[in-house]
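**Student:** Attaching a single structure in structure tokens format; questions to follow.
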2 protein chains.
Amino acid sequence: MFNRNYSSYLLEDAVNQFASLPGIGRKTALRLALHILDLPRENVGQFASSMKDLREKAHFCPVCNMISDDDVCPICSDGKRDHSVVCVVESLRDVLSIENTGQYHGMYHILGGIISPIDGIGPDDIHIGELVRRLEQNELREVILALSTSMEGETTSFYIYRQISGFPVTITTIARGVGFGDDLEYTDELTLGRSIANRQVFKP
Amino acid sequence: MFNRNYSSYLLEDAVNQFASLPGIGRKTALRLALHILDLPRENVGQFASSMKDLREKAHFCPVCNMISDDDVCPICSDGKRDHSVVCVVESLRDVLSIENTGQYHGMYHILGGIISPIDGIGPDDIHIGELVRRLEQNELREVILALSTSMEGETTSFYIYRQISGFPVTITTIARGVGFGDDLEYTDELTLGRSIANRQVFKP
């Protein structure tokens, strides 16, 4: 047996680095490290500098907190989009999901988290103050709350609602219900119950 | 929609880099890139240099082809191990698996692949010649062939056997059979059949 895990400290180091990433175990980390070893030198150099550049050069849009290369992000600086509607989401990943639908053409506001007392995240730890300031400084028509339906998400939505309900703005939330293509039989009771309660006029 | 995939070229670049690794899809790559963005700067710097160092500084043991920091790897330079037995394996991962058992105290010879005409890998593309040279230059007692039982593995074992059968060395192969703790009911027919054919004297 080795008196350490691998035959090389360099390999061990790379495996440890990969294994520190979320969702990557030690077996996968070893596979990735051996892949790095097989790559041409310049590719590994590009890989390494790409990581450093992301961390050192990317910054956050001062308006919506989106990761951006420029001062203001491409969505906030897009004149063709509707600047009077702001969709409040937890993270960049939610923005990407909504953008993928091609159905939304307004602005975003990324909170960077949700209120979660268990994790020690209070209202001041996420970008709610910036949202209030956006409402103070701009005439907005609508704020869409697109947070998760977890307890933390509902708490955050309610907190935001209380903070901004004094502004002359319509506050909406995304529709919840049985997904398109889902079988009623396999839909959870809460979703099915709510989607019956929130039924809409049938427009054929 | 963005006219590209993400709001930042730096992010897009990092996601592409992660997604180029084996077994990492675009969703996972995005999660990893966002994790990089959340890390302290110095950690990202360490991550990046660890990858570059692995590729640029690690080299292969001239005796057994193991990844190594020093000239000769820790196993080949270990005086307490049995230098007269060489276990032939496909890759470093096999070495790690065998070392984990704690049952083997000889040397290794890493082929760096197996003969696979479909993938264009012939006998000269893997380190068989080096194995023959080891036999010429050292008095070895035993060569253990520990390759997989796939067609490629069997072909490679047979090719090596023909190359080294002229040397005064015992050529063995690892035992195949029903795994410890496995139910006979769920063992594939080939394995079960062979393990009956290769039955051994019961030593209670």
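Note on naming: chains are A, B, ... as they come in the structure tokens, residues start from 1 per chain, ligands start from 1 in the order shown.
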Least-squares superpose chain A onto chain B - every C-alpha atom, paired in order - and show me the moved coordinates as a PDB file with C-alpha atoms, in the first residue's frame.

**Tutor:**
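Now in out_13.pdb:
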ATOM      1  CA  MET A   1     -33.494  35.443 -24.669  1.00  0.00           C
ATOM      2  CA  PHE A   2     -29.759  36.055 -24.669  1.00  0.00           C
ATOM      3  CA  ASN A   3     -28.198  35.921 -28.103  1.00  0.00           C
ATOM      4  CA  ARG A   4     -25.803  33.525 -26.388  1.00  0.00           C
ATOM      5  CA  ASN A   5     -26.302  30.906 -23.681  1.00  0.00           C
ATOM      6  CA  TYR A   6     -25.374  32.887 -20.582  1.00  0.00           C
ATOM      7  CA  SER A   7     -25.205  36.486 -19.481  1.00  0.00           C
ATOM      8  CA  SER A   8     -21.406  36.387 -19.346  1.00  0.00           C
ATOM      9  CA  TYR A   9     -18.777  35.054 -21.754  1.00  0.00           C
ATOM     10  CA  LEU A  10     -16.570  34.246 -18.781  1.00  0.00           C
ATOM     11  CA  LEU A  11     -19.315  32.095 -17.318  1.00  0.00           C
ATOM     12  CA  GLU A  12     -20.012  30.501 -20.676  1.00  0.00           C
ATOM     13  CA  ASP A  13     -16.335  29.714 -21.090  1.00  0.00           C
ATOM     14  CA  ALA A  14     -16.083  28.072 -17.666  1.00  0.00           C
ATOM     15  CA  VAL A  15     -19.251  26.060 -18.303  1.00  0.00           C
ATOM     16  CA  ASN A  16     -17.860  24.879 -21.643  1.00  0.00           C
ATOM     17  CA  GLN A  17     -14.620  23.853 -19.962  1.00  0.00           C
ATOM     18  CA  PHE A  18     -16.384  21.829 -17.269  1.00  0.00           C
ATOM     19  CA  ALA A  19     -18.761  20.306 -19.829  1.00  0.00           C
ATOM     20  CA  SER A  20     -15.769  19.082 -21.841  1.00  0.00           C
ATOM     21  CA  LEU A  21     -14.771  16.777 -18.967  1.00  0.00           C
ATOM     22  CA  PRO A  22     -15.977  13.171 -19.239  1.00  0.00           C
ATOM     23  CA  GLY A  23     -19.340  12.467 -17.601  1.00  0.00           C
ATOM     24  CA  ILE A  24     -20.136  16.146 -16.929  1.00  0.00           C
ATOM     25  CA  GLY A  25     -23.225  17.527 -18.672  1.00  0.00           C
ATOM     26  CA  ARG A  26     -24.112  21.155 -19.188  1.00  0.00           C
ATOM     27  CA  LYS A  27     -26.378  21.418 -16.137  1.00  0.00           C
ATOM     28  CA  THR A  28     -23.679  20.024 -13.854  1.00  0.00           C
ATOM     29  CA  ALA A  29     -21.095  22.220 -15.576  1.00  0.00           C
ATOM     30  CA  LEU A  30     -23.179  25.305 -14.791  1.00  0.00           C
ATOM     31  CA  ARG A  31     -23.521  24.221 -11.157  1.00  0.00           C
ATOM     32  CA  LEU A  32     -19.742  23.750 -10.916  1.00  0.00           C
ATOM     33  CA  ALA A  33     -19.030  27.110 -12.580  1.00  0.00           C
ATOM     34  CA  LEU A  34     -21.385  28.904 -10.178  1.00  0.00           C
ATOM     35  CA  HIS A  35     -19.613  27.107  -7.319  1.00  0.00           C
ATOM     36  CA  ILE A  36     -16.265  28.409  -8.608  1.00  0.00           C
ATOM     37  CA  LEU A  37     -17.763  31.893  -8.584  1.00  0.00           C
ATOM     38  CA  ASP A  38     -18.711  31.487  -4.916  1.00  0.00           C
ATOM     39  CA  LEU A  39     -15.277  30.282  -3.806  1.00  0.00           C
ATOM     40  CA  PRO A  40     -12.630  32.575  -2.297  1.00  0.00           C
ATOM     41  CA  ARG A  41     -10.176  33.832  -4.929  1.00  0.00           C
ATOM     42  CA  GLU A  42      -7.198  31.971  -3.509  1.00  0.00           C
ATOM     43  CA  ASN A  43      -9.053  28.654  -3.622  1.00  0.00           C
ATOM     44  CA  VAL A  44      -9.809  29.133  -7.299  1.00  0.00           C
ATOM     45  CA  GLY A  45      -6.169  30.015  -7.879  1.00  0.00           C
ATOM     46  CA  GLN A  46      -5.111  26.807  -6.130  1.00  0.00           C
ATOM     47  CA  PHE A  47      -7.626  24.810  -8.138  1.00  0.00           C
ATOM     48  CA  ALA A  48      -6.292  26.248 -11.389  1.00  0.00           C
ATOM     49  CA  SER A  49      -2.612  25.757 -10.553  1.00  0.00           C
ATOM     50  CA  SER A  50      -3.242  22.254  -9.264  1.00  0.00           C
ATOM     51  CA  MET A  51      -4.574  21.292 -12.707  1.00  0.00           C
ATOM     52  CA  LYS A  52      -1.660  22.934 -14.522  1.00  0.00           C
ATOM     53  CA  ASP A  53       0.900  21.412 -12.167  1.00  0.00           C
ATOM     54  CA  LEU A  54      -0.544  17.937 -12.624  1.00  0.00           C
ATOM     55  CA  ARG A  55      -0.302  18.229 -16.393  1.00  0.00           C
ATOM     56  CA  GLU A  56       3.063  19.967 -16.529  1.00  0.00           C
ATOM     57  CA  LYS A  57       5.021  18.473 -13.643  1.00  0.00           C
ATOM     58  CA  ALA A  58       3.781  14.905 -13.199  1.00  0.00           C
ATOM     59  CA  HIS A  59       5.674  12.320 -15.164  1.00  0.00           C
ATOM     60  CA  PHE A  60       5.602   8.594 -15.614  1.00  0.00           C
ATOM     61  CA  CYS A  61       7.782   6.067 -13.832  1.00  0.00           C
ATOM     62  CA  PRO A  62      10.319   4.762 -16.391  1.00  0.00           C
ATOM     63  CA  VAL A  63       9.956   1.253 -14.956  1.00  0.00           C
ATOM     64  CA  CYS A  64       6.212   0.681 -14.584  1.00  0.00           C
ATOM     65  CA  ASN A  65       4.597   3.792 -16.230  1.00  0.00           C
ATOM     66  CA  MET A  66       2.902   4.859 -13.004  1.00  0.00           C
ATOM     67  CA  ILE A  67       2.226   8.585 -12.586  1.00  0.00           C
ATOM     68  CA  SER A  68       4.965   9.805 -10.298  1.00  0.00           C
ATOM     69  CA  ASP A  69       6.511  12.959  -8.857  1.00  0.00           C
ATOM     70  CA  ASP A  70      10.007  11.480  -8.640  1.00  0.00           C
ATOM     71  CA  ASP A  71      11.994   9.725 -11.322  1.00  0.00           C
ATOM     72  CA  VAL A  72      11.094   6.216 -10.154  1.00  0.00           C
ATOM     73  CA  CYS A  73       7.677   5.766  -8.557  1.00  0.00           C
ATOM     74  CA  PRO A  74       7.211   4.980  -4.838  1.00  0.00           C
ATOM     75  CA  ILE A  75       6.309   1.346  -5.551  1.00  0.00           C
ATOM     76  CA  CYS A  76       9.269   0.609  -7.842  1.00  0.00           C
ATOM     77  CA  SER A  77      11.639   2.246  -5.355  1.00  0.00           C
ATOM     78  CA  ASP A  78      10.193   0.440  -2.333  1.00  0.00           C
ATOM     79  CA  GLY A  79      12.831  -2.031  -1.083  1.00  0.00           C
ATOM     80  CA  LYS A  80      10.303  -3.838   1.122  1.00  0.00           C
ATOM     81  CA  ARG A  81       8.204  -4.997  -1.820  1.00  0.00           C
ATOM     82  CA  ASP A  82       8.809  -8.118  -3.889  1.00  0.00           C
ATOM     83  CA  HIS A  83      10.614  -7.016  -7.052  1.00  0.00           C
ATOM     84  CA  SER A  84      10.449 -10.480  -8.622  1.00  0.00           C
ATOM     85  CA  VAL A  85       6.678 -10.401  -9.219  1.00  0.00           C
ATOM     86  CA  VAL A  86       5.100  -8.035 -11.754  1.00  0.00           C
ATOM     87  CA  CYS A  87       1.355  -7.532 -12.090  1.00  0.00           C
ATOM     88  CA  VAL A  88       0.308  -6.322 -15.568  1.00  0.00           C
ATOM     89  CA  VAL A  89      -2.680  -3.965 -15.521  1.00  0.00           C
ATOM     90  CA  GLU A  90      -4.404  -1.694 -17.999  1.00  0.00           C
ATOM     91  CA  SER A  91      -4.369   1.571 -16.062  1.00  0.00           C
ATOM     92  CA  LEU A  92      -3.427   3.390 -12.884  1.00  0.00           C
ATOM     93  CA  ARG A  93      -6.965   2.915 -11.614  1.00  0.00           C
ATOM     94  CA  ASP A  94      -6.420  -0.847 -11.545  1.00  0.00           C
ATOM     95  CA  VAL A  95      -3.255  -0.317  -9.491  1.00  0.00           C
ATOM     96  CA  LEU A  96      -5.210   1.754  -6.973  1.00  0.00           C
ATOM     97  CA  SER A  97      -7.892  -0.946  -6.722  1.00  0.00           C
ATOM     98  CA  ILE A  98      -5.321  -3.703  -6.145  1.00  0.00           C
ATOM     99  CA  GLU A  99      -3.372  -1.572  -3.643  1.00  0.00           C
ATOM    100  CA  ASN A 100      -6.589  -0.980  -1.731  1.00  0.00           C
ATOM    101  CA  THR A 101      -6.920  -4.712  -1.077  1.00  0.00           C
ATOM    102  CA  GLY A 102      -3.609  -4.698   0.820  1.00  0.00           C
ATOM    103  CA  GLN A 103      -3.052  -8.234  -0.524  1.00  0.00           C
ATOM    104  CA  TYR A 104      -0.349  -7.583  -3.096  1.00  0.00           C
ATOM    105  CA  HIS A 105       3.219  -6.598  -2.396  1.00  0.00           C
ATOM    106  CA  GLY A 106       4.909  -6.976  -5.772  1.00  0.00           C
ATOM    107  CA  MET A 107       5.569  -4.619  -8.675  1.00  0.00           C
ATOM    108  CA  TYR A 108       3.242  -3.385 -11.409  1.00  0.00           C
ATOM    109  CA  HIS A 109       3.417  -2.817 -15.123  1.00  0.00           C
ATOM    110  CA  ILE A 110       0.860  -0.369 -16.458  1.00  0.00           C
ATOM    111  CA  LEU A 111       0.101  -0.949 -20.143  1.00  0.00           C
ATOM    112  CA  GLY A 112      -1.708   2.348 -20.599  1.00  0.00           C
ATOM    113  CA  GLY A 113      -4.475   0.680 -22.621  1.00  0.00           C
ATOM    114  CA  ILE A 114      -5.428  -2.631 -24.176  1.00  0.00           C
ATOM    115  CA  ILE A 115      -5.218  -3.909 -27.719  1.00  0.00           C
ATOM    116  CA  SER A 116      -8.364  -2.790 -29.508  1.00  0.00           C
ATOM    117  CA  PRO A 117      -8.342  -2.907 -33.318  1.00  0.00           C
ATOM    118  CA  ILE A 118     -11.678  -1.059 -33.459  1.00  0.00           C
ATOM    119  CA  ASP A 119     -10.125   1.915 -31.627  1.00  0.00           C
ATOM    120  CA  GLY A 120      -6.950   1.580 -33.686  1.00  0.00           C
ATOM    121  CA  ILE A 121      -4.849   0.504 -30.682  1.00  0.00           C
ATOM    122  CA  GLY A 122      -2.287  -2.120 -31.627  1.00  0.00           C
ATOM    123  CA  PRO A 123       0.350  -3.936 -29.542  1.00  0.00           C
ATOM    124  CA  ASP A 124       2.907  -1.203 -30.263  1.00  0.00           C
ATOM    125  CA  ASP A 125       0.645   1.528 -28.889  1.00  0.00           C
ATOM    126  CA  ILE A 126       0.728   0.129 -25.356  1.00  0.00           C
ATOM    127  CA  HIS A 127       3.715  -0.646 -23.147  1.00  0.00           C
ATOM    128  CA  ILE A 128       4.208  -4.327 -24.023  1.00  0.00           C
ATOM    129  CA  GLY A 129       7.738  -3.826 -25.389  1.00  0.00           C
ATOM    130  CA  GLU A 130       8.777  -2.316 -22.038  1.00  0.00           C
ATOM    131  CA  LEU A 131       7.434  -5.410 -20.258  1.00  0.00           C
ATOM    132  CA  VAL A 132       9.539  -7.677 -22.482  1.00  0.00           C
ATOM    133  CA  ARG A 133      12.559  -5.490 -21.731  1.00  0.00           C
ATOM    134  CA  ARG A 134      11.882  -5.761 -18.000  1.00  0.00           C
ATOM    135  CA  LEU A 135      11.956  -9.532 -18.352  1.00  0.00           C
ATOM    136  CA  GLU A 136      15.191  -9.384 -20.334  1.00  0.00           C
ATOM    137  CA  GLN A 137      16.917  -7.149 -17.813  1.00  0.00           C
ATOM    138  CA  ASN A 138      15.596  -8.594 -14.533  1.00  0.00           C
ATOM    139  CA  GLU A 139      15.201 -12.065 -13.129  1.00  0.00           C
ATOM    140  CA  LEU A 140      11.482 -12.218 -12.523  1.00  0.00           C
ATOM    141  CA  ARG A 141       9.734 -15.070 -10.790  1.00  0.00           C
ATOM    142  CA  GLU A 142       6.154 -14.378 -11.833  1.00  0.00           C
ATOM    143  CA  VAL A 143       4.104 -12.200 -14.177  1.00  0.00           C
ATOM    144  CA  ILE A 144       0.446 -11.825 -13.184  1.00  0.00           C
ATOM    145  CA  LEU A 145      -1.918 -10.838 -16.001  1.00  0.00           C
ATOM    146  CA  ALA A 146      -4.697  -8.781 -14.399  1.00  0.00           C
ATOM    147  CA  LEU A 147      -6.528  -7.507 -17.476  1.00  0.00           C
ATOM    148  CA  SER A 148     -10.268  -7.427 -18.001  1.00  0.00           C
ATOM    149  CA  THR A 149     -12.140 -10.427 -19.421  1.00  0.00           C
ATOM    150  CA  SER A 150     -13.474  -8.404 -22.357  1.00  0.00           C
ATOM    151  CA  MET A 151     -12.477  -9.552 -25.826  1.00  0.00           C
ATOM    152  CA  GLU A 152      -9.838  -6.810 -25.941  1.00  0.00           C
ATOM    153  CA  GLY A 153      -8.508  -7.840 -22.528  1.00  0.00           C
ATOM    154  CA  GLU A 154      -8.300 -11.516 -23.510  1.00  0.00           C
ATOM    155  CA  THR A 155      -6.592 -10.607 -26.793  1.00  0.00           C
ATOM    156  CA  THR A 156      -4.049  -8.488 -24.944  1.00  0.00           C
ATOM    157  CA  SER A 157      -3.406 -11.222 -22.354  1.00  0.00           C
ATOM    158  CA  PHE A 158      -2.883 -13.772 -25.104  1.00  0.00           C
ATOM    159  CA  TYR A 159      -0.571 -11.450 -27.048  1.00  0.00           C
ATOM    160  CA  ILE A 160       1.520 -10.782 -23.951  1.00  0.00           C
ATOM    161  CA  TYR A 161       1.584 -14.509 -23.168  1.00  0.00           C
ATOM    162  CA  ARG A 162       3.049 -15.230 -26.594  1.00  0.00           C
ATOM    163  CA  GLN A 163       5.641 -12.477 -26.206  1.00  0.00           C
ATOM    164  CA  ILE A 164       6.915 -13.594 -22.804  1.00  0.00           C
ATOM    165  CA  SER A 165       6.308 -17.359 -22.740  1.00  0.00           C
ATOM    166  CA  GLY A 166       9.940 -17.932 -23.776  1.00  0.00           C
ATOM    167  CA  PHE A 167      11.233 -16.452 -20.504  1.00  0.00           C
ATOM    168  CA  PRO A 168      11.755 -18.680 -17.434  1.00  0.00           C
ATOM    169  CA  VAL A 169       8.896 -17.022 -15.566  1.00  0.00           C
ATOM    170  CA  THR A 170       5.586 -18.284 -14.200  1.00  0.00           C
ATOM    171  CA  ILE A 171       2.693 -16.550 -16.001  1.00  0.00           C
ATOM    172  CA  THR A 172      -0.506 -16.393 -13.949  1.00  0.00           C
ATOM    173  CA  THR A 173      -3.829 -14.648 -14.151  1.00  0.00           C
ATOM    174  CA  ILE A 174      -6.107 -13.456 -11.369  1.00  0.00           C
ATOM    175  CA  ALA A 175      -8.851 -15.849 -10.203  1.00  0.00           C
ATOM    176  CA  ARG A 176     -12.291 -15.371 -11.713  1.00  0.00           C
ATOM    177  CA  GLY A 177     -15.433 -16.724 -10.085  1.00  0.00           C
ATOM    178  CA  VAL A 178     -18.493 -15.913  -8.061  1.00  0.00           C
ATOM    179  CA  GLY A 179     -17.761 -12.846  -5.921  1.00  0.00           C
ATOM    180  CA  PHE A 180     -17.670 -13.130  -2.130  1.00  0.00           C
ATOM    181  CA  GLY A 181     -21.151 -12.438  -0.821  1.00  0.00           C
ATOM    182  CA  ASP A 182     -22.737 -12.842  -4.280  1.00  0.00           C
ATOM    183  CA  ASP A 183     -25.818 -15.033  -4.690  1.00  0.00           C
ATOM    184  CA  LEU A 184     -25.440 -17.883  -7.180  1.00  0.00           C
ATOM    185  CA  GLU A 185     -28.938 -17.071  -8.399  1.00  0.00           C
ATOM    186  CA  TYR A 186     -27.865 -13.627  -9.594  1.00  0.00           C
ATOM    187  CA  THR A 187     -24.450 -14.574 -10.984  1.00  0.00           C
ATOM    188  CA  ASP A 188     -24.177 -14.573 -14.769  1.00  0.00           C
ATOM    189  CA  GLU A 189     -23.942 -18.001 -16.425  1.00  0.00           C
ATOM    190  CA  LEU A 190     -20.435 -17.542 -17.791  1.00  0.00           C
ATOM    191  CA  THR A 191     -18.971 -16.642 -14.406  1.00  0.00           C
ATOM    192  CA  LEU A 192     -20.867 -19.405 -12.605  1.00  0.00           C
ATOM    193  CA  GLY A 193     -19.954 -21.978 -15.270  1.00  0.00           C
ATOM    194  CA  ARG A 194     -16.269 -21.082 -15.120  1.00  0.00           C
ATOM    195  CA  SER A 195     -16.238 -21.041 -11.354  1.00  0.00           C
ATOM    196  CA  ILE A 196     -17.604 -24.594 -11.302  1.00  0.00           C
ATOM    197  CA  ALA A 197     -15.073 -25.714 -13.912  1.00  0.00           C
ATOM    198  CA  ASN A 198     -12.245 -24.072 -11.934  1.00  0.00           C
ATOM    199  CA  ARG A 199     -13.406 -25.442  -8.570  1.00  0.00           C
ATOM    200  CA  GLN A 200     -10.776 -25.814  -5.866  1.00  0.00           C
ATOM    201  CA  VAL A 201     -10.146 -28.274  -3.048  1.00  0.00           C
ATOM    202  CA  PHE A 202     -12.204 -27.205  -0.026  1.00  0.00           C
ATOM    203  CA  LYS A 203      -9.900 -26.236   2.856  1.00  0.00           C
ATOM    204  CA  PRO A 204     -11.978 -25.623   5.973  1.00  0.00           C
TER     205      PRO A 204
END

**Student:** If DSSP is run on the backbone, what residues of range 46-193 of chain A are alpha helix (DSSP H)? A reply as a PyMOL selection string would be ideal.

**Tutor:** chain A and resi 46-57+92-101+128-137+151-164+189-193

**Student:** Please produce a file of those selected residues containing C-alpha atoms, as a compact mmCIF listing (two decimals), in the first residue's frame.

**Tutor:**
# COMPACT_ATOMS: atom_id res chain seq x y z
CA GLN A 46 -6.98 27.16 -20.92
CA PHE A 47 -9.03 25.19 -18.42
CA ALA A 48 -7.05 26.65 -15.53
CA SER A 49 -7.15 30.25 -16.76
CA SER A 50 -10.83 30.00 -17.59
CA MET A 51 -11.54 29.20 -13.92
CA LYS A 52 -9.32 32.02 -12.66
CA ASP A 53 -10.77 34.51 -15.15
CA LEU A 54 -14.32 33.64 -14.16
CA ARG A 55 -13.55 34.25 -10.50
CA GLU A 56 -11.38 37.32 -10.96
CA LYS A 57 -12.94 39.15 -13.90
CA LEU A 92 -28.98 32.95 -12.03
CA ARG A 93 -30.07 29.40 -12.79
CA ASP A 94 -33.71 30.47 -12.54
CA VAL A 95 -33.02 33.29 -15.01
CA LEU A 96 -31.54 30.79 -17.47
CA SER A 97 -34.58 28.52 -17.10
CA ILE A 98 -37.02 31.38 -17.71
CA GLU A 99 -34.97 32.72 -20.64
CA ASN A 100 -35.04 29.26 -22.19
CA THR A 101 -38.84 29.41 -22.40
CA ILE A 128 -34.23 42.78 -1.18
CA GLY A 129 -33.11 46.33 -0.32
CA GLU A 130 -31.89 46.77 -3.92
CA LEU A 131 -35.32 45.71 -5.19
CA VAL A 132 -37.01 48.35 -3.02
CA ARG A 133 -34.55 50.92 -4.36
CA ARG A 134 -35.35 49.89 -7.93
CA LEU A 135 -39.01 50.55 -7.20
CA GLU A 136 -38.20 53.92 -5.66
CA GLN A 137 -36.07 55.02 -8.60
CA MET A 151 -41.36 27.33 3.21
CA GLU A 152 -38.30 29.54 2.71
CA GLY A 153 -39.54 30.63 -0.71
CA GLU A 154 -43.02 31.47 0.61
CA THR A 155 -41.50 33.38 3.54
CA THR A 156 -39.30 35.37 1.18
CA SER A 157 -42.22 36.12 -1.17
CA PHE A 158 -44.33 37.30 1.75
CA TYR A 159 -41.50 39.45 3.14
CA ILE A 160 -40.94 41.07 -0.25
CA TYR A 161 -44.70 41.59 -0.64
CA ARG A 162 -44.80 43.51 2.63
CA GLN A 163 -41.80 45.61 1.64
CA ILE A 164 -43.14 46.66 -1.76
CA GLU A 189 -52.31 16.26 -3.76
CA LEU A 190 -51.24 19.79 -2.90
CA THR A 191 -50.56 20.74 -6.52
CA LEU A 192 -53.75 19.08 -7.77
CA GLY A 193 -55.84 20.64 -4.99

**Student:** Apply DSSP to the backbone of this structure and, from range 26-203 of chain B, keep only the residues in strand (DSSP E or B); write these as a PyMOL selection string.

**Tutor:** chain B and resi 59-60+67-68+82-89+106-110+116+121+142-145+170-173
